[in-house]
Amino acid sequence: MKQSVFSWAIHRGEDAFGKYELPLLQFRKINETGMVSHCFTTRMGGVSEGMFASLNLSFTRGDEERKVAANYGRIADFLGITPDQIVTSDQTHTTNVIRVGKADGGNGVTKPRPYTDVDGLITNEPGVALATFYADCVPLYFVDPVHRAIGLSHSGWRGTVERMGKCTVEAMHREFGTEPAHVIVAIGPSICGACYEVGEDVAVPFSKAFEGMEEEILAEKGPDGDGNPKYLLNLWRANEIVLREAGVLPENIITTDICTCCNPQLLFSHRASCGKRGNLGAFLMIRP
């Protein structure tokens, strides 16, 4: 059996809500760099209830603010920091990537964000924890061990069509001198190609953006009950293509083997829950 690209980290602690056990996913290859702390959350190990149970990381979906804050506190404790060292994105399906640092600590967690429309974050400052959010879209982790820089980006179907992976590598090159051949990139848990059914409104832009490679990312499923054509879209493969085009070496691209939609008890999925869900989080930090 092929070994998973992931390993489990189980963090145990105690806070105002009591003792807890927090299971988190980590990429083996990213851990091997020895340079960063990182994780991808599950929906387990938090204090939220109902459709948000239990590690919801969204303040804007109707959950109790104190419970979301406690969930962030547990992630921060795992990372060995405080919540005011976490910097969050403001995701609106753009390809906007910004550089952040210690002065941005707490943005979106302990204080309002001073920016909008940001789907990617990069930094070369230790102790700054980047955070982006998911419930089917694709997380992209970037680690440059040569220039000691990192990036974390949200790539839904719009971001993938617009090549968010390439945009992030280019931003890291511009800010830190990062060379694509040095970057390790992980494609995180998200909806798989067998679950992601789309219509022509999504399929056509992908056919145009990935001309000549359509068969690798799109499969015809046949019409729905109303006769509208339907397709299955493989965002994992599409992002691999984007990253290779950007100059990332194939051996430095790690692709998930966990689908959010296939595992609704473990992970939040917008599709599986019909929108009744919380947010998962990707976290990445250069170790102090």
# chains A, B, ... in the order shown; residues from 1 in each chain; ligands from 1
call {"tool": "residues_around", "arguments": {"residues": "region 68-78 of chain A", "least_positions_apart": "3", "cutoff": "7 Å", "atoms": "only C-alpha atoms", "output": "list in words"}}
result
His11, Gly46, Val47, Ser48, Leu55, Asn56, Leu57, Ser58, Phe59, Glu64, Glu65, Ile81, Thr82 and Pro83 of chain A
call {"tool": "residues_around", "arguments": {"residues": "Ile254 (chain A)", "least_positions_apart": "3", "cutoff": "7 Å", "atoms": "only C-alpha atoms", "output": "PyMOL selection string"}}
result
chain A and resi 185-187
call {"tool": "residues_around", "arguments": {"residues": "region 101-113 of chain A", "least_positions_apart": "5", "cutoff": "9 Å", "atoms": "only C-alpha atoms", "output": "PyMOL selection string"}}
result
chain A and resi 59+69+72+82-90+122-129
call {"tool": "select_by_dssp", "arguments": {"residues": "region 14-164 of chain A", "states": "strand (DSSP E or B)", "output": "PyMOL selection string"}}
result
chain A and resi 14-15+18-27+36-41+86-88+90+97-99+107+111+118+120-123+129-134+138-144+149-155
call {"tool": "atom_distance", "arguments": {"atom1": "CA of Leu121 (chain A)", "atom2": "CA of Cys261 (chain A)"}}
result
25.6 Å
call {"tool": "select_by_dssp", "arguments": {"residues": "region 47-288 of chain A", "states": "helix (DSSP H, G or I)", "output": "number ranges by chain"}}
result
A: 50-52, 65-79, 83-85, 102-104, 157-161, 164-176, 180-182, 200-209, 214-217, 235-245, 250-252, 270-273
call {"tool": "closest_residue", "arguments": {"among": "A:Phe142, A:Tyr196, A:Phe52, A:Tyr115", "to": "Leu130 (chain A)", "atoms": "only C-alpha atoms"}}
result
A:Phe142
call {"tool": "residues_around", "arguments": {"residues": "Ser37 (chain A)", "least_positions_apart": "4", "cutoff": "7 Å", "atoms": "only C-alpha atoms", "output": "PyMOL selection string"}}
result
chain A and resi 79+284-287
call {"tool": "atom_distance", "arguments": {"atom1": "CA of Val183 (chain A)", "atom2": "CA of His93 (chain A)"}}
result
23.3 Å
call {"tool": "residues_around", "arguments": {"residues": "region 242-253 of chain A", "least_positions_apart": "6", "cutoff": "10 Å", "atoms": "only C-alpha atoms", "output": "number ranges by chain"}}
result
A: 29-30, 141-143, 160-170, 179-187, 210
call {"tool": "write_last_selection", "arguments": {"atoms": "N, CA and C atoms", "output": "PDB file, in the first residue's frame"}}
result
ATOM      1  N   LYS A  29       6.794  15.596   3.739  1.00  0.00           N
ATOM      2  CA  LYS A  29       7.911  16.237   3.034  1.00  0.00           C
ATOM      3  C   LYS A  29       8.170  17.642   3.564  1.00  0.00           C
ATOM      4  N   ILE A  30       7.119  18.349   3.966  1.00  0.00           N
ATOM      5  CA  ILE A  30       7.317  19.681   4.545  1.00  0.00           C
ATOM      6  C   ILE A  30       7.985  19.553   5.908  1.00  0.00           C
ATOM      7  N   TYR A 141       0.641  25.124  -0.117  1.00  0.00           N
ATOM      8  CA  TYR A 141       1.725  25.458   0.810  1.00  0.00           C
ATOM      9  C   TYR A 141       3.020  25.586   0.020  1.00  0.00           C
ATOM     10  N   PHE A 142       3.791  26.656   0.276  1.00  0.00           N
ATOM     11  CA  PHE A 142       5.060  26.890  -0.413  1.00  0.00           C
ATOM     12  C   PHE A 142       6.170  27.059   0.623  1.00  0.00           C
ATOM     13  N   VAL A 143       7.254  26.299   0.462  1.00  0.00           N
ATOM     14  CA  VAL A 143       8.403  26.421   1.357  1.00  0.00           C
ATOM     15  C   VAL A 143       9.672  26.543   0.511  1.00  0.00           C
ATOM     16  N   THR A 160      -7.543  28.668  -9.615  1.00  0.00           N
ATOM     17  CA  THR A 160      -6.795  27.696 -10.397  1.00  0.00           C
ATOM     18  C   THR A 160      -6.762  28.091 -11.868  1.00  0.00           C
ATOM     19  N   VAL A 161      -7.889  28.520 -12.412  1.00  0.00           N
ATOM     20  CA  VAL A 161      -7.934  28.995 -13.800  1.00  0.00           C
ATOM     21  C   VAL A 161      -6.967  30.159 -13.998  1.00  0.00           C
ATOM     22  N   GLU A 162      -6.891  31.040 -12.994  1.00  0.00           N
ATOM     23  CA  GLU A 162      -6.018  32.214 -13.084  1.00  0.00           C
ATOM     24  C   GLU A 162      -4.591  31.928 -12.621  1.00  0.00           C
ATOM     25  N   ARG A 163      -4.310  30.647 -12.292  1.00  0.00           N
ATOM     26  CA  ARG A 163      -2.966  30.178 -11.954  1.00  0.00           C
ATOM     27  C   ARG A 163      -2.400  30.798 -10.669  1.00  0.00           C
ATOM     28  N   MET A 164      -3.152  30.611  -9.596  1.00  0.00           N
ATOM     29  CA  MET A 164      -2.735  31.117  -8.292  1.00  0.00           C
ATOM     30  C   MET A 164      -1.379  30.558  -7.863  1.00  0.00           C
ATOM     31  N   GLY A 165      -1.108  29.300  -8.167  1.00  0.00           N
ATOM     32  CA  GLY A 165       0.182  28.722  -7.800  1.00  0.00           C
ATOM     33  C   GLY A 165       1.335  29.482  -8.425  1.00  0.00           C
ATOM     34  N   LYS A 166       1.212  29.807  -9.700  1.00  0.00           N
ATOM     35  CA  LYS A 166       2.234  30.576 -10.406  1.00  0.00           C
ATOM     36  C   LYS A 166       2.349  31.977  -9.827  1.00  0.00           C
ATOM     37  N   CYS A 167       1.214  32.597  -9.523  1.00  0.00           N
ATOM     38  CA  CYS A 167       1.217  33.951  -8.948  1.00  0.00           C
ATOM     39  C   CYS A 167       1.964  33.975  -7.612  1.00  0.00           C
ATOM     40  N   THR A 168       1.806  32.925  -6.817  1.00  0.00           N
ATOM     41  CA  THR A 168       2.466  32.883  -5.512  1.00  0.00           C
ATOM     42  C   THR A 168       3.973  32.693  -5.665  1.00  0.00           C
ATOM     43  N   VAL A 169       4.379  31.803  -6.557  1.00  0.00           N
ATOM     44  CA  VAL A 169       5.809  31.605  -6.802  1.00  0.00           C
ATOM     45  C   VAL A 169       6.441  32.900  -7.304  1.00  0.00           C
ATOM     46  N   GLU A 170       5.752  33.596  -8.188  1.00  0.00           N
ATOM     47  CA  GLU A 170       6.279  34.856  -8.719  1.00  0.00           C
ATOM     48  C   GLU A 170       6.392  35.912  -7.626  1.00  0.00           C
ATOM     49  N   GLU A 179      13.687  30.931  -6.176  1.00  0.00           N
ATOM     50  CA  GLU A 179      13.733  30.285  -7.480  1.00  0.00           C
ATOM     51  C   GLU A 179      12.761  29.104  -7.470  1.00  0.00           C
ATOM     52  N   PRO A 180      11.935  28.973  -8.521  1.00  0.00           N
ATOM     53  CA  PRO A 180      10.939  27.891  -8.536  1.00  0.00           C
ATOM     54  C   PRO A 180      11.521  26.504  -8.288  1.00  0.00           C
ATOM     55  N   ALA A 181      12.735  26.263  -8.787  1.00  0.00           N
ATOM     56  CA  ALA A 181      13.338  24.939  -8.641  1.00  0.00           C
ATOM     57  C   ALA A 181      13.680  24.595  -7.195  1.00  0.00           C
ATOM     58  N   HIS A 182      13.706  25.606  -6.326  1.00  0.00           N
ATOM     59  CA  HIS A 182      14.030  25.368  -4.918  1.00  0.00           C
ATOM     60  C   HIS A 182      12.786  25.164  -4.049  1.00  0.00           C
ATOM     61  N   VAL A 183      11.608  25.459  -4.590  1.00  0.00           N
ATOM     62  CA  VAL A 183      10.396  25.486  -3.778  1.00  0.00           C
ATOM     63  C   VAL A 183       9.774  24.104  -3.631  1.00  0.00           C
ATOM     64  N   ILE A 184       9.383  23.788  -2.420  1.00  0.00           N
ATOM     65  CA  ILE A 184       8.577  22.601  -2.143  1.00  0.00           C
ATOM     66  C   ILE A 184       7.124  23.077  -2.012  1.00  0.00           C
ATOM     67  N   VAL A 185       6.225  22.452  -2.760  1.00  0.00           N
ATOM     68  CA  VAL A 185       4.817  22.868  -2.752  1.00  0.00           C
ATOM     69  C   VAL A 185       3.934  21.674  -2.420  1.00  0.00           C
ATOM     70  N   ALA A 186       3.005  21.892  -1.515  1.00  0.00           N
ATOM     71  CA  ALA A 186       2.040  20.854  -1.157  1.00  0.00           C
ATOM     72  C   ALA A 186       0.639  21.316  -1.533  1.00  0.00           C
ATOM     73  N   ILE A 187      -0.089  20.432  -2.194  1.00  0.00           N
ATOM     74  CA  ILE A 187      -1.491  20.649  -2.551  1.00  0.00           C
ATOM     75  C   ILE A 187      -2.328  19.947  -1.494  1.00  0.00           C
ATOM     76  N   PHE A 210      -6.438  25.636 -20.109  1.00  0.00           N
ATOM     77  CA  PHE A 210      -5.565  24.458 -20.145  1.00  0.00           C
ATOM     78  C   PHE A 210      -5.683  23.764 -21.502  1.00  0.00           C
TER      79      PHE A 210
END
call {"tool": "residues_around", "arguments": {"residues": "region 223-226 of chain A", "least_positions_apart": "4", "cutoff": "10 Å", "atoms": "only C-alpha atoms", "output": "VMD selection string"}}
result
chain A and resid 199 230 to 231
call {"tool": "write_last_selection", "arguments": {"atoms": "N, CA, C and O atoms", "output": "mmCIF file, in the first residue's frame"}}
result
data_model
loop_
_atom_site.group_PDB
_atom_site.id
_atom_site.type_symbol
_atom_site.label_atom_id
_atom_site.label_comp_id
_atom_site.auth_asym_id
_atom_site.auth_seq_id
_atom_site.Cartn_x
_atom_site.Cartn_y
_atom_site.Cartn_z
ATOM 1 N N GLY A 199 -20.621 22.581 -14.251
ATOM 2 C CA GLY A 199 -21.305 22.820 -15.506
ATOM 3 C C GLY A 199 -20.390 23.494 -16.508
ATOM 4 O O GLY A 199 -19.194 23.678 -16.279
ATOM 5 N N LYS A 230 -22.704 18.125 -17.924
ATOM 6 C CA LYS A 230 -21.978 18.119 -16.658
ATOM 7 C C LYS A 230 -20.621 17.453 -16.840
ATOM 8 O O LYS A 230 -20.455 16.550 -17.663
ATOM 9 N N TYR A 231 -19.667 17.917 -16.034
ATOM 10 C CA TYR A 231 -18.298 17.439 -16.131
ATOM 11 C C TYR A 231 -17.751 17.192 -14.731
ATOM 12 O O TYR A 231 -18.237 17.750 -13.746
#
call {"tool": "residues_around", "arguments": {"residues": "Arg28 (chain A)", "least_positions_apart": "6", "cutoff": "7 Å", "atoms": "only C-alpha atoms", "output": "mmCIF file with all heavy atoms, in the first residue's frame"}}
result
data_model
loop_
_atom_site.group_PDB
_atom_site.id
_atom_site.type_symbol
_atom_site.label_atom_id
_atom_site.label_comp_id
_atom_site.auth_asym_id
_atom_site.auth_seq_id
_atom_site.Cartn_x
_atom_site.Cartn_y
_atom_site.Cartn_z
ATOM 1 N N VAL A 5 0.860 10.842 1.923
ATOM 2 C CA VAL A 5 1.753 12.008 1.987
ATOM 3 C C VAL A 5 1.633 12.707 3.335
ATOM 4 O O VAL A 5 2.418 13.592 3.655
ATOM 5 C CB VAL A 5 1.448 13.008 0.848
ATOM 6 C CG1 VAL A 5 1.671 12.351 -0.501
ATOM 7 C CG2 VAL A 5 0.033 13.563 0.953
ATOM 8 N N PHE A 6 0.637 12.299 4.134
ATOM 9 C CA PHE A 6 0.373 12.934 5.419
ATOM 10 C C PHE A 6 0.848 12.093 6.593
ATOM 11 O O PHE A 6 0.971 10.875 6.512
ATOM 12 C CB PHE A 6 -1.130 13.162 5.616
ATOM 13 C CG PHE A 6 -1.727 14.171 4.707
ATOM 14 C CD1 PHE A 6 -2.511 13.775 3.638
ATOM 15 C CD2 PHE A 6 -1.526 15.527 4.906
ATOM 16 C CE1 PHE A 6 -3.080 14.703 2.786
ATOM 17 C CE2 PHE A 6 -2.092 16.467 4.062
ATOM 18 C CZ PHE A 6 -2.869 16.053 3.004
ATOM 19 N N SER A 7 1.072 12.791 7.695
ATOM 20 C CA SER A 7 1.206 12.138 8.993
ATOM 21 C C SER A 7 0.279 12.873 9.955
ATOM 22 O O SER A 7 -0.144 14.005 9.683
ATOM 23 C CB SER A 7 2.653 12.191 9.502
ATOM 24 O OG SER A 7 3.089 13.528 9.631
#
call {"tool": "closest_residue", "arguments": {"among": "A:Thr95, A:Asn263, A:Asn279, A:Thr256", "to": "Ser155 (chain A)", "atoms": "only C-alpha atoms"}}
result
A:Thr95
